[in-house]
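Enquirer: My structure file protein.pdb, PDB, C-alpha atoms and all ligand atoms, is below:
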```
ATOM      1  CA  MET A1396      -6.929   7.813  -3.657
ATOM      2  CA  LYS A1397      -6.977   4.645  -1.536
ATOM      3  CA  VAL A1398      -5.922   1.207  -2.756
ATOM      4  CA  LEU A1399      -7.504  -1.851  -1.152
ATOM      5  CA  CYS A1400      -6.115  -5.336  -1.628
ATOM      6  CA  ILE A1401      -8.402  -8.172  -0.511
ATOM      7  CA  GLY A1402      -5.893 -10.957  -0.779
ATOM      8  CA  SER A1403      -3.970 -13.905   0.559
ATOM      9  CA  MET A1404      -1.424 -14.130   3.338
ATOM     10  CA  ASN A1405       0.751 -17.244   3.218
ATOM     11  CA  LEU A1406       3.549 -18.541   5.365
ATOM     12  CA  ASP A1407       6.079 -19.509   2.679
ATOM     13  CA  HIS A1408       8.266 -22.561   3.428
ATOM     14  CA  VAL A1409      11.052 -22.371   0.883
ATOM     15  CA  TYR A1410      13.193 -25.413  -0.024
ATOM     16  CA  MET A1411      16.372 -24.779  -1.998
ATOM     17  CA  MET A1412      17.003 -27.806  -4.250
ATOM     18  CA  ASP A1413      19.392 -28.814  -7.033
ATOM     19  CA  HIS A1414      16.324 -29.461  -9.140
ATOM     20  CA  ILE A1415      12.572 -29.432  -8.594
ATOM     21  CA  VAL A1416      11.372 -32.859  -7.562
ATOM     22  CA  ALA A1417       9.705 -34.961 -10.285
ATOM     23  CA  PRO A1418       6.902 -37.554  -9.740
ATOM     24  CA  GLY A1419       8.247 -40.652  -7.963
ATOM     25  CA  GLU A1420      11.554 -38.979  -7.124
ATOM     26  CA  THR A1421      13.108 -38.202  -3.717
ATOM     27  CA  GLU A1422      15.348 -35.179  -3.656
ATOM     28  CA  ALA A1423      17.575 -33.834  -0.865
ATOM     29  CA  VAL A1424      17.025 -30.249   0.268
ATOM     30  CA  ASN A1425      20.101 -27.996   0.383
ATOM     31  CA  GLU A1426      18.574 -25.312   2.598
ATOM     32  CA  ILE A1427      15.177 -24.381   4.067
ATOM     33  CA  LYS A1428      13.996 -20.848   4.740
ATOM     34  CA  ASN A1429      10.708 -19.364   5.970
ATOM     35  CA  PHE A1430       9.321 -16.092   4.666
ATOM     36  CA  LEU A1431       6.078 -14.154   4.662
ATOM     37  CA  GLY A1432       4.262 -14.286   1.348
ATOM     38  CA  GLY A1433       0.963 -14.808  -0.407
ATOM     39  CA  LYS A1434       0.269 -12.985  -3.641
ATOM     40  CA  GLY A1435      -2.066 -10.596  -1.843
ATOM     41  CA  MET A1436       0.341  -9.596   0.900
ATOM     42  CA  ASN A1437       3.307  -9.446  -1.508
ATOM     43  CA  GLN A1438       1.419  -7.015  -3.740
ATOM     44  CA  SER A1439       0.244  -4.920  -0.779
ATOM     45  CA  VAL A1440       3.809  -4.631   0.508
ATOM     46  CA  ALA A1441       5.033  -3.685  -2.982
ATOM     47  CA  LEU A1442       2.372  -0.954  -3.137
ATOM     48  CA  ALA A1443       3.396   0.311   0.306
ATOM     49  CA  LYS A1444       7.108   0.268  -0.525
ATOM     50  CA  ALA A1445       6.332   2.154  -3.712
ATOM     51  CA  GLY A1446       4.577   4.807  -1.597
ATOM     52  CA  ALA A1447       0.857   4.052  -2.143
ATOM     53  CA  ASN A1448      -1.941   4.475   0.407
ATOM     54  CA  ILE A1449      -2.630   0.729   0.691
ATOM     55  CA  TYR A1450      -5.072  -1.202   2.884
ATOM     56  CA  HIS A1451      -4.856  -4.988   3.098
ATOM     57  CA  ALA A1452      -7.864  -7.180   3.961
ATOM     58  CA  GLY A1453      -7.998 -10.943   4.385
ATOM     59  CA  MET A1454      -7.980 -13.660   7.002
ATOM     60  CA  ILE A1455      -5.309 -15.325   9.097
ATOM     61  CA  GLY A1456      -5.287 -17.934  11.851
ATOM     62  CA  PRO A1457      -3.657 -17.652  15.282
ATOM     63  CA  ASP A1458      -0.381 -18.753  13.612
ATOM     64  CA  GLY A1459      -0.446 -15.722  11.295
ATOM     65  CA  LEU A1460      -0.219 -12.780  13.697
ATOM     66  CA  VAL A1461       3.194 -12.048  12.245
ATOM     67  CA  PHE A1462       1.375 -10.539   9.225
ATOM     68  CA  LEU A1463       0.004  -7.774  11.436
ATOM     69  CA  ASP A1464       3.565  -6.897  12.476
ATOM     70  CA  ALA A1465       4.666  -6.998   8.833
ATOM     71  CA  CYS A1466       1.909  -4.547   7.875
ATOM     72  CA  LYS A1467       3.099  -2.120  10.549
ATOM     73  CA  GLU A1468       6.735  -2.581   9.522
ATOM     74  CA  HIS A1469       6.133  -1.972   5.821
ATOM     75  CA  GLY A1470       3.456   0.731   5.964
ATOM     76  CA  VAL A1471       0.414  -1.331   4.935
ATOM     77  CA  ASN A1472      -2.823  -0.513   6.794
ATOM     78  CA  GLY A1473      -3.779  -3.923   8.261
ATOM     79  CA  ASP A1474      -6.838  -2.823  10.253
ATOM     80  CA  TYR A1475      -9.208  -4.919   8.112
ATOM     81  CA  ILE A1476      -7.263  -8.170   8.590
ATOM     82  CA  ARG A1477      -9.309 -10.585  10.658
ATOM     83  CA  GLN A1478      -8.077 -13.489  12.769
ATOM     84  CA  ILE A1479     -10.225 -16.654  12.706
ATOM     85  CA  ASP A1480      -9.992 -20.180  14.074
ATOM     86  CA  GLU A1481      -8.261 -21.767  11.045
ATOM     87  CA  PHE A1482      -4.701 -22.344   9.930
ATOM     88  CA  THR A1483      -3.124 -19.436   8.097
ATOM     89  CA  GLY A1484      -2.549 -20.186   4.415
ATOM     90  CA  HIS A1485       0.838 -21.606   3.552
ATOM     91  CA  ALA A1486       2.965 -22.367   0.532
ATOM     92  CA  ILE A1487       5.618 -25.032  -0.002
ATOM     93  CA  ILE A1488       8.038 -23.520  -2.504
ATOM     94  CA  GLN A1489      10.845 -25.435  -4.227
ATOM     95  CA  ILE A1490      13.573 -23.343  -5.830
ATOM     96  CA  ASP A1491      16.137 -24.920  -8.116
ATOM     97  CA  LYS A1492      19.715 -23.902  -8.955
ATOM     98  CA  ASN A1493      18.447 -21.664 -11.780
ATOM     99  CA  ALA A1494      16.104 -19.759  -9.419
ATOM    100  CA  GLN A1495      13.020 -21.350 -10.971
ATOM    101  CA  ASN A1496      10.264 -22.228  -8.530
ATOM    102  CA  CYS A1497       7.216 -24.404  -8.142
ATOM    103  CA  ILE A1498       4.590 -23.739  -5.499
ATOM    104  CA  LEU A1499       2.194 -25.952  -3.538
ATOM    105  CA  LEU A1500      -0.550 -23.871  -1.974
ATOM    106  CA  TYR A1501      -2.720 -24.521   1.102
ATOM    107  CA  GLY A1502      -5.536 -21.934   1.231
ATOM    108  CA  GLY A1503      -6.507 -22.232   4.925
ATOM    109  CA  ALA A1504      -7.906 -18.961   6.311
ATOM    110  CA  ASN A1505      -7.555 -17.301   2.878
ATOM    111  CA  GLN A1506     -10.517 -19.410   1.715
ATOM    112  CA  LYS A1507     -12.836 -18.450   4.585
ATOM    113  CA  LEU A1508     -13.955 -14.979   3.533
ATOM    114  CA  THR A1509     -17.702 -14.341   3.986
ATOM    115  CA  ALA A1510     -20.141 -11.948   2.279
ATOM    116  CA  GLU A1511     -20.614 -10.155   5.606
ATOM    117  CA  TYR A1512     -16.870  -9.607   5.963
ATOM    118  CA  VAL A1513     -16.508  -8.381   2.373
ATOM    119  CA  ASP A1514     -19.372  -5.894   2.858
ATOM    120  CA  GLU A1515     -17.774  -4.618   6.041
ATOM    121  CA  VAL A1516     -14.428  -4.046   4.302
ATOM    122  CA  LEU A1517     -15.870  -2.417   1.164
ATOM    123  CA  ALA A1518     -17.894  -0.002   3.327
ATOM    124  CA  GLY A1519     -14.631   1.837   4.009
ATOM    125  CA  PHE A1520     -13.993   2.601   0.300
ATOM    126  CA  GLU A1521     -15.628   4.712  -2.357
ATOM    127  CA  THR A1522     -16.002   5.473  -6.055
ATOM    128  CA  GLY A1523     -12.637   5.839  -7.762
ATOM    129  CA  ASP A1524     -10.643   3.912  -5.144
ATOM    130  CA  ILE A1525      -8.691   0.957  -6.528
ATOM    131  CA  LEU A1526      -9.446  -2.626  -5.519
ATOM    132  CA  LEU A1527      -6.705  -5.163  -6.199
ATOM    133  CA  LEU A1528      -7.490  -8.889  -6.335
ATOM    134  CA  GLN A1529      -5.667 -12.126  -7.066
ATOM    135  CA  ASN A1530      -7.071 -15.666  -7.160
ATOM    136  CA  GLU A1531      -5.906 -16.928  -3.747
ATOM    137  CA  VAL A1532      -9.027 -15.994  -1.735
ATOM    138  CA  ASN A1533     -12.652 -17.163  -2.032
ATOM    139  CA  MET A1534     -15.668 -14.914  -2.777
ATOM    140  CA  LEU A1535     -13.999 -13.293  -5.829
ATOM    141  CA  GLY A1536     -17.240 -13.102  -7.862
ATOM    142  CA  TYR A1537     -19.097 -11.451  -4.980
ATOM    143  CA  ILE A1538     -16.239  -9.034  -4.230
ATOM    144  CA  VAL A1539     -16.061  -7.923  -7.883
ATOM    145  CA  ASP A1540     -19.844  -7.394  -8.118
ATOM    146  CA  LYS A1541     -20.015  -5.356  -4.915
ATOM    147  CA  ALA A1542     -16.935  -3.242  -5.677
ATOM    148  CA  TYR A1543     -18.231  -2.560  -9.201
ATOM    149  CA  GLU A1544     -21.585  -1.389  -7.764
ATOM    150  CA  LYS A1545     -19.609   1.104  -5.664
ATOM    151  CA  GLY A1546     -17.746   2.407  -8.713
ATOM    152  CA  MET A1547     -14.332   1.187  -7.598
ATOM    153  CA  GLN A1548     -11.647   0.566 -10.231
ATOM    154  CA  ILE A1549     -10.971  -3.162 -10.080
ATOM    155  CA  ALA A1550      -7.514  -4.532 -10.849
ATOM    156  CA  LEU A1551      -7.269  -8.299 -11.268
ATOM    157  CA  ASN A1552      -4.164 -10.451 -11.253
ATOM    158  CA  PRO A1553      -5.810 -13.784 -12.282
ATOM    159  CA  SER A1554      -3.176 -15.878 -10.572
ATOM    160  CA  PRO A1555      -3.181 -18.786 -10.019
ATOM    161  CA  PHE A1556      -5.461 -19.347 -13.003
ATOM    162  CA  ASN A1557      -8.153 -21.965 -12.320
ATOM    163  CA  ASP A1558     -11.910 -22.658 -12.622
ATOM    164  CA  LYS A1559     -12.721 -20.468  -9.622
ATOM    165  CA  LEU A1560     -12.207 -17.467 -11.888
ATOM    166  CA  ASN A1561     -15.344 -18.507 -13.800
ATOM    167  CA  GLU A1562     -17.424 -16.868 -11.055
ATOM    168  CA  VAL A1563     -15.903 -13.460 -11.904
ATOM    169  CA  ASP A1564     -17.645 -11.165 -14.369
ATOM    170  CA  MET A1565     -14.460 -10.109 -16.162
ATOM    171  CA  THR A1566     -16.244  -7.269 -17.973
ATOM    172  CA  LYS A1567     -16.219  -5.451 -14.606
ATOM    173  CA  ILE A1568     -12.405  -5.441 -14.454
ATOM    174  CA  SER A1569     -10.657  -2.123 -15.214
ATOM    175  CA  ILE A1570      -7.051  -3.352 -15.101
ATOM    176  CA  PHE A1571      -5.748  -6.836 -15.908
ATOM    177  CA  LEU A1572      -2.237  -7.684 -14.729
ATOM    178  CA  LEU A1573      -1.292 -11.111 -15.996
ATOM    179  CA  ASN A1574       1.585 -13.149 -17.308
ATOM    180  CA  GLU A1575       1.724 -14.816 -20.702
ATOM    181  CA  ILE A1576       0.568 -18.185 -19.317
ATOM    182  CA  GLU A1577      -2.503 -16.635 -17.690
ATOM    183  CA  GLY A1578      -3.065 -14.547 -20.829
ATOM    184  CA  GLY A1579      -2.953 -17.788 -22.826
ATOM    185  CA  GLN A1580      -5.422 -19.442 -20.459
ATOM    186  CA  ILE A1581      -7.915 -16.563 -20.771
ATOM    187  CA  THR A1582      -7.657 -16.192 -24.557
ATOM    188  CA  GLY A1583      -6.604 -19.679 -25.729
ATOM    189  CA  LEU A1584      -3.668 -18.064 -27.592
ATOM    190  CA  VAL A1585       0.121 -18.260 -27.303
ATOM    191  CA  ASP A1586       1.623 -15.324 -29.173
ATOM    192  CA  PRO A1587       1.792 -12.268 -26.835
ATOM    193  CA  LYS A1588       0.638  -9.861 -29.574
ATOM    194  CA  GLU A1589      -2.358 -12.077 -30.289
ATOM    195  CA  ILE A1590      -3.104 -12.383 -26.565
ATOM    196  CA  ILE A1591      -3.124  -8.579 -26.273
ATOM    197  CA  ALA A1592      -5.338  -8.215 -29.367
ATOM    198  CA  SER A1593      -7.802 -10.788 -28.043
ATOM    199  CA  MET A1594      -7.871  -9.231 -24.544
ATOM    200  CA  LYS A1595      -8.550  -5.811 -26.114
ATOM    201  CA  GLU A1596     -11.410  -7.262 -28.115
ATOM    202  CA  LYS A1597     -12.918  -9.043 -25.091
ATOM    203  CA  PHE A1598     -12.394  -6.148 -22.661
ATOM    204  CA  PRO A1599     -12.278  -2.971 -24.780
ATOM    205  CA  LYS A1600     -12.402  -0.576 -21.821
ATOM    206  CA  ALA A1601      -9.707  -2.262 -19.719
ATOM    207  CA  LYS A1602      -6.021  -1.521 -19.245
ATOM    208  CA  ILE A1603      -4.001  -4.668 -19.938
ATOM    209  CA  VAL A1604      -0.539  -5.384 -18.570
ATOM    210  CA  LEU A1605       1.012  -8.585 -19.913
ATOM    211  CA  THR A1606       4.315  -9.673 -18.372
ATOM    212  CA  LEU A1607       6.519 -11.936 -20.485
ATOM    213  CA  GLY A1608       9.273 -13.101 -18.094
ATOM    214  CA  LYS A1609      12.690 -12.480 -19.644
ATOM    215  CA  ASP A1610      10.993 -10.892 -22.660
ATOM    216  CA  GLY A1611       9.705  -7.902 -20.697
ATOM    217  CA  ALA A1612       6.171  -6.538 -20.443
ATOM    218  CA  MET A1613       3.494  -5.100 -22.720
ATOM    219  CA  PHE A1614       0.801  -2.552 -21.918
ATOM    220  CA  ALA A1615      -2.332  -1.891 -23.949
ATOM    221  CA  GLU A1616      -5.348   0.353 -23.581
ATOM    222  CA  GLY A1617      -7.469   1.054 -26.648
ATOM    223  CA  ASN A1618      -5.081   2.118 -29.401
ATOM    224  CA  THR A1619      -2.249   2.905 -26.988
ATOM    225  CA  GLU A1620       0.453   0.270 -26.566
ATOM    226  CA  PHE A1621       3.855   0.295 -24.860
ATOM    227  CA  TYR A1622       6.635  -2.253 -24.470
ATOM    228  CA  GLN A1623       9.118  -2.466 -21.593
ATOM    229  CA  PRO A1624      12.160  -4.778 -21.735
ATOM    230  CA  ILE A1625      13.582  -6.349 -18.555
ATOM    231  CA  PHE A1626      16.646  -5.117 -16.698
ATOM    232  CA  PRO A1627      18.875  -8.230 -16.873
ATOM    233  CA  VAL A1628      20.244  -9.461 -13.509
ATOM    234  CA  LYS A1629      21.499 -12.697 -11.942
ATOM    235  CA  ALA A1630      18.348 -14.094 -10.287
ATOM    236  CA  VAL A1631      18.476 -16.085  -7.044
ATOM    237  CA  ASP A1632      14.724 -16.394  -6.397
ATOM    238  CA  THR A1633      11.972 -15.313  -8.776
ATOM    239  CA  THR A1634       9.180 -15.709  -6.158
ATOM    240  CA  ALA A1635       7.155 -12.462  -5.940
ATOM    241  CA  ALA A1636       8.799 -10.908  -9.024
ATOM    242  CA  GLY A1637       5.356 -10.615 -10.636
ATOM    243  CA  ASP A1638       3.824  -9.384  -7.370
ATOM    244  CA  THR A1639       6.463  -6.664  -7.130
ATOM    245  CA  PHE A1640       5.741  -5.600 -10.712
ATOM    246  CA  THR A1641       1.982  -5.505 -10.006
ATOM    247  CA  GLY A1642       2.336  -3.483  -6.793
ATOM    248  CA  TYR A1643       4.688  -0.949  -8.352
ATOM    249  CA  PHE A1644       2.556  -0.663 -11.467
ATOM    250  CA  LEU A1645      -0.607   0.159  -9.500
ATOM    251  CA  ALA A1646       1.267   2.552  -7.235
ATOM    252  CA  GLY A1647       2.586   4.484 -10.246
ATOM    253  CA  LEU A1648      -0.823   4.443 -11.890
ATOM    254  CA  SER A1649      -2.530   5.760  -8.742
ATOM    255  CA  GLU A1650      -0.038   8.647  -8.715
ATOM    256  CA  GLY A1651      -0.935   9.543 -12.294
ATOM    257  CA  MET A1652       2.557   8.805 -13.647
ATOM    258  CA  ALA A1653       2.938   8.338 -17.419
ATOM    259  CA  ILE A1654       2.572   4.668 -18.369
ATOM    260  CA  PRO A1655       6.087   4.248 -19.898
ATOM    261  CA  ASP A1656       7.573   5.562 -16.621
ATOM    262  CA  VAL A1657       5.338   3.274 -14.568
ATOM    263  CA  LEU A1658       6.431   0.272 -16.649
ATOM    264  CA  LYS A1659      10.092   1.171 -16.293
ATOM    265  CA  MET A1660       9.820   1.601 -12.519
ATOM    266  CA  SER A1661       7.927  -1.697 -12.165
ATOM    267  CA  ALA A1662      10.461  -3.611 -14.289
ATOM    268  CA  LYS A1663      13.341  -2.190 -12.259
ATOM    269  CA  ALA A1664      11.616  -3.043  -8.953
ATOM    270  CA  SER A1665      11.024  -6.648  -9.988
ATOM    271  CA  SER A1666      14.591  -6.966 -11.330
ATOM    272  CA  ILE A1667      15.828  -6.051  -7.838
ATOM    273  CA  ALA A1668      13.360  -8.446  -6.142
ATOM    274  CA  VAL A1669      14.705 -11.489  -8.035
ATOM    275  CA  THR A1670      18.234 -10.870  -6.746
ATOM    276  CA  ARG A1671      17.021 -11.486  -3.172
ATOM    277  CA  PRO A1672      15.543 -14.545  -1.477
ATOM    278  CA  GLY A1673      11.939 -14.711  -0.271
ATOM    279  CA  ALA A1674       8.708 -12.965  -1.178
ATOM    280  CA  VAL A1675       7.903 -10.018   1.138
ATOM    281  CA  PRO A1676      11.557  -9.415   2.175
ATOM    282  CA  SER A1677      12.744  -9.290  -1.439
ATOM    283  CA  ILE A1678      10.606  -6.291  -2.439
ATOM    284  CA  PRO A1679      12.672  -3.094  -2.767
ATOM    285  CA  LEU A1680      11.831   0.367  -1.465
ATOM    286  CA  ARG A1681      10.915   3.114  -3.954
ATOM    287  CA  LYS A1682      14.105   4.977  -3.009
ATOM    288  CA  GLU A1683      16.233   1.974  -4.029
ATOM    289  CA  VAL A1684      14.354   1.605  -7.293
ATOM    290  CA  GLU A1685      14.771   5.274  -8.156
ATOM    291  CA  GLU A1686      18.474   5.183  -7.268
ATOM    292  CA  ALA A1687      18.933   2.133  -9.491
ATOM    293  CA  LEU A1688      17.172   3.872 -12.377
ATOM    294  CA  LYS A1689      19.582   6.841 -12.336
TER     295      LYS A1689
HETATM  296  O1  LIG A1701       3.561 -15.016  -6.034
HETATM  297  C1  LIG A1701       4.343 -15.626  -5.052
HETATM  298  C2  LIG A1701       3.479 -16.162  -3.939
HETATM  299  O2  LIG A1701       2.688 -17.199  -4.436
HETATM  300  C3  LIG A1701       4.242 -16.757  -2.786
HETATM  301  O3  LIG A1701       4.595 -15.815  -1.804
HETATM  302  C4  LIG A1701       3.325 -17.867  -2.286
HETATM  303  O4  LIG A1701       2.768 -17.615  -1.032
HETATM  304  C5  LIG A1701       2.238 -17.994  -3.357
HETATM  305  O5  LIG A1701       1.066 -17.453  -2.956
END
```
Kindly return the structure encoded in the file as structure tokens.
Ligand code: RIB

Expert:
Amino acid sequence: MKVLCIGSMNLDHVYMMDHIVAPGETEAVNEIKNFLGGKGMNQSVALAKAGANIYHAGMIGPDGLVFLDACKEHGVNGDYIRQIDEFTGHAIIQIDKNAQNCILLYGGANQKLTAEYVDEVLAGFETGDILLLQNEVNMLGYIVDKAYEKGMQIALNPSPFNDKLNEVDMTKISIFLLNEIEGGQITGLVDPKEIIASMKEKFPKAKIVLTLGKDGAMFAEGNTEFYQPIFPVKAVDTTAAGDTFTGYFLAGLSEGMAIPDVLKMSAKASSIAVTRPGAVPSIPLRKEVEEALK
């Protein structure tokens, strides 16, 4: 089974601060670092490191060729990535002393996908293959409709949550991977159990994975529900923790692993990712995750 991610590639400019700057405030930066990121690329790399057969599609500018090297390095098939005459997407990320972050996002080439390009990419995939999407590229509604027509299983991480998601027919989604804030935004609820119940009612055929930060993660599908606590660690940078969880979860699912094992592996992988700086470079290899689980 192939997994296709049509998703963002961002050059992440990371500023280490004592605290995240507030409106009207000027704050000195302790350290600046540059990493490869973007929710799409982070999740593709997590899938690859977990051992999945992953293809990444999306757009970069001339300043983003480094993503092609990263695909080769990490085992992501990057043949569908197209270079256009635009700036590559970038993110300005502030990280405070407690490893909390806030992110400013410039879409750039990520927002230049066309129907023609999407059709060309989807032509390489078939019924049963998994399509993974986040909300950092344009054309999401069109991509979902076309992939659904083909009979692909569509996994959606509705992040960042905004009005652009209104163009997506959510009833066509097979797997939702979302955090409690996004779950709250979709359902209008706060309590995780109520969010799960409402998601199940709205999307009765879908698998739902709800991550709850330090409170772990919940899975629901029909009458089946599982809970996975976190593996506590000292975090230095939580960027891409959710992306690591998502990539590992889909990799385990595509292998046919039992859901409780998939959840455990994903939680362990993201607990390792938060102990390391950066997005793409923080994602652990499957071997490391399995060693750590012993
Ligand atoms: O999920 C983390 C990612 O969000 C970062 O890598 C940044 O690029 C933003 O897209």

Enquirer: Could you work out how far CA of Ile1401 in chain A lies from CA of Ala1510 in chain A, giving the answer in Å with one decimal?

Expert: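 Computed distance, CA of Ala1510 in chain A to CA of Ile1401 in chain A, equals 12.6 Å.
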
Enquirer: Could you list the residues chosen by the PyMOL selection byres (((chain A and resi 1445-1458) around 7) and not hetatm) in this structure as a ChimeraX atom specification?

Expert: /A:1397-1403,1439,1441-1444,1459-1460,1471-1473,1475-1483,1504-1505,1643,1646,1680-1681

Enquirer: Hey, what comes out of the PyMOL selection byres (((not hetatm)) within 6 of (chain A and resi 1701)) on this file? Could you write it as a short mmCIF file (atom, residue, chain, number, x, y, z; two decimals) with C-alpha atoms, keeping the file's coordinate frame?

Expert:
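In the end it all went to part_4.cif:
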```cif
data_model
loop_
_atom_site.label_atom_id
_atom_site.label_comp_id
_atom_site.auth_asym_id
_atom_site.auth_seq_id
_atom_site.Cartn_x
_atom_site.Cartn_y
_atom_site.Cartn_z
CA ASN A 1405 0.75 -17.24 3.22
CA ASP A 1407 6.08 -19.51 2.68
CA GLY A 1432 4.26 -14.29 1.35
CA GLY A 1433 0.96 -14.81 -0.41
CA LYS A 1434 0.27 -12.98 -3.64
CA ALA A 1486 2.96 -22.37 0.53
CA THR A 1634 9.18 -15.71 -6.16
CA ALA A 1635 7.16 -12.46 -5.94
CA ASP A 1638 3.82 -9.38 -7.37
CA ALA A 1674 8.71 -12.96 -1.18
#
```

Enquirer: So how far away is CA of Asp1524 in chain A from CA of Met1436 in chain A, in Å?

Expert: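 Separation of CA of Met1436 in chain A and CA of Asp1524 in chain A: 18.4 Å.
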
Enquirer: If you take every atom of range 1452-1464 of chain A that the file lists and fit an axis-aligned box around them with 3 Å extra on each side, what centre and edge lengths come out in Å to one decimal, as JSON?

Expert:
```
{"center_x": -2.2, "center_y": -12.8, "center_z": 9.6, "size_x": 17.6, "size_y": 17.9, "size_z": 17.3}
```

Enquirer: Could you jot down the CA of Gly1651 in chain A to CA of Val1675 in chain A separation for me, Å, one decimal place?

Expert: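 CA of Val1675 in chain A lies 25.3 Å from CA of Gly1651 in chain A.
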
Enquirer: Just checking: using all atoms listed in the file, which residue out of A:Val1563, A:Leu1658, A:Ala1494, A:Val1684 ends up closest to Arg1671 in chain A?

Expert: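 Selected residue with least distance to Arg1671 in chain A: A:Ala1494.
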
Enquirer: Could you tell me which of A:Ile1568, A:Ala1465, A:Ile1538, A:Leu1528 comes closest to Ser1554 in chain A if we count all atoms listed in the file?

Expert: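 Result for the nearest residue to Ser1554 in chain A: A:Leu1528.
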
Enquirer: Name the residues that the PyMOL selection byres (((chain A and resi 1607) around 12) and not hetatm) picks from the file above, as a ChimeraX atom specification, using the file's chain letters and numbers.

Expert: /A:1572-1579,1585-1588,1590-1591,1604-1606,1608-1614,1622-1625,1636-1637,1640,1662

Enquirer: Would you list the contacts of Val1416 in chain A as a list in words, taking every protein, DNA or RNA residue within 12 Å and counting all atoms listed in the file, but skipping same-chain residues closer than 4 positions in sequence?

Expert: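 Once the nearby chain positions are removed, what remains is Tyr1410, Met1411, Met1412, Glu1420, Thr1421, Glu1422, Ala1423, Val1424, Ile1488, Gln1489, Ile1490, Asp1491, Asn1496, Cys1497 and Ile1498 of chain A.
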